[in-house]
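Visitor: I have a structure here, written as structure tokens, and I will follow up with some questions on it.
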Amino acid sequence: MTQTIGELLEAAAERALPVVRGIDDGQLGAGTPCAEYDVRALVNHLFQVVVNFQALAAREKVDFGREPEFVAGDWRGGFGDETARLVAAWSVPGVEEGTTGQMGLPARTVGLMVLGDLTVHAWDLARATGSDFVPEEGVVDELGPGLAAMAPQAREMKVFGEPFPVGEGATAFERLLAVTGRDPGWRPAGTDGNPGTDGNPGTDGNPGTDGNPGTDGNPGADGNPGADGNLGTAGG
């Protein structure tokens with residue numbers, strides 16, 4: 001039975017929240033697999049995605065051009081509150097029907113974008129800060145085919161990097177990361193001698209155009225769901 005976006009986001013949030021809550025202030029300047037973001041910038045980006053996709057669920061306009069500073073005060077608690085609101089917004093009956101965003105993408109596709117951002121960026125932050133992160137299996141099963149289908153357009157829009165080569169024994173999640181242009185084995189510079197790839201922004205979630213719909217979820221520059229959503233590019 002197909003899971004709803006609300007159910008998938010709830011499962012993804014349960015895995016992402018411990019990663020965000022575990023970030024120490026001293027780690028905010030550390031690099032991440034998304035070359036364009038340090039930890040602080042990536043947390044801000046993910047915050048913005050989570051907040052804006054609540055609005056997209058309600059068919060409201062969003063402005064991805066605004067980049068508020070979310071990493072202040074009790075930002076860890078604030079992230080938990082906003083992800084709970086995101087889950088609630090995408091659990092409203094009928095929310096997956098019709099279209100949303102200026103690009104008029106199917107609502108479920110837009111929901112999958114934010115699911116991709118929440119999952120992939122949680123991995124980015126976990127790798128950057130040395131935390132453990134294992135995505136929920138059902139989330140990976142849902143995201144894998146969706147991101148693979150969006151990948152060609154995402155690469156044209158420079159949202160995804162070129163696919164990273166992985167071996168036949170790669171897990172489903174490693175293959176998902178590789179599709180976005182990320183190195184599943186990325187570690188911070190100096191860790192085990194790994195120079196720290198630099199990570200592809202890859203999934204970043206940014207859906208599409210920058211969101212390529214597919215990716216990150218940023219709906220795009222102006223709210224377009226697929227436009228900015230950044231899952232990725234190359235890593236970010």
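FYI, nothing fancy with the structure tokens labels: chains A, B, ... in order, residues from 1 per chain, ligands from 1 as they appear.
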Show me a table, sorted first by chain and then by increasing residue number, of the residues of segment 91-141 of chain A having an atom at most 8 Å from segment 38-42 of chain A, each with its shortest atom pair and the distance in Å to one decimal, counting only C-alpha atoms and written as CSV.

Guide:
residue,atom,partner,partner_atom,distance
A:His121,CA,A:Leu42,CA,7.7
A:Leu125,CA,A:Val39,CA,6.6
A:Ala128,CA,A:Val39,CA,7.2

Visitor: Do you know which residues are at most 10 Å from Arg76 of chain A counting only C-alpha atoms, after dropping those on the same chain fewer than 2 positions away, and could you put them as a PyMOL selection string?

Guide: chain A and resi 17-23+43+70-74+78-81

Visitor: Restricted to C-alpha atoms, what would the selected residues look like written as a PDB file, in the first residue's frame?

Guide:
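Listed below is the output, selection_38.pdb:
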ATOM      1  CA  LEU A  17      15.703  15.306  14.191  1.00  0.00           C
ATOM      2  CA  PRO A  18      18.372  13.522  16.265  1.00  0.00           C
ATOM      3  CA  VAL A  19      20.997  14.625  13.745  1.00  0.00           C
ATOM      4  CA  VAL A  20      19.998  18.286  13.948  1.00  0.00           C
ATOM      5  CA  ARG A  21      19.616  18.229  17.726  1.00  0.00           C
ATOM      6  CA  GLY A  22      23.062  16.700  18.053  1.00  0.00           C
ATOM      7  CA  ILE A  23      24.881  19.496  16.205  1.00  0.00           C
ATOM      8  CA  VAL A  43      20.788  24.000   8.523  1.00  0.00           C
ATOM      9  CA  PHE A  70      17.110  30.445  11.490  1.00  0.00           C
ATOM     10  CA  VAL A  71      20.186  29.393  13.467  1.00  0.00           C
ATOM     11  CA  ALA A  72      19.578  31.592  16.494  1.00  0.00           C
ATOM     12  CA  GLY A  73      18.093  31.112  19.939  1.00  0.00           C
ATOM     13  CA  ASP A  74      16.672  27.623  20.484  1.00  0.00           C
ATOM     14  CA  GLY A  78      12.551  25.365  16.497  1.00  0.00           C
ATOM     15  CA  PHE A  79      13.527  22.848  13.840  1.00  0.00           C
ATOM     16  CA  GLY A  80      11.563  20.173  15.656  1.00  0.00           C
ATOM     17  CA  ASP A  81       8.527  22.444  15.804  1.00  0.00           C
TER      18      ASP A  81
END

Visitor: Just checking: using only C-alpha atoms, which residue out of A:Cys34, A:Val114, A:Gln3, A:Gly104 ends up closest to Thr180 of chain A?

Guide: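 Using only C-alpha atoms, the shortest distance to Thr180 of chain A belongs to A:Cys34.
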
Visitor: Between A:Val134, A:Val62, A:Ala151, A:Val179, single out the one closest to Gly101 of chain A, counting only C-alpha atoms.

Guide: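 Closest to Gly101 of chain A, using only C-alpha atoms: A:Val62.
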
Visitor: Would you mind telling me which residue in A:Glu36, A:Asp124, A:Asp25, A:Glu82 lies nearest to Asn52 of chain A when using only C-alpha atoms?

Guide: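 Counting only C-alpha atoms, the residue closest to Asn52 of chain A is A:Glu82.
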
Visitor: Separation of atom CA of Gly29 of chain A and atom CA of Arg175 of chain A, in Å?

Guide: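 Between these atoms lies a distance of 28.1 Å.
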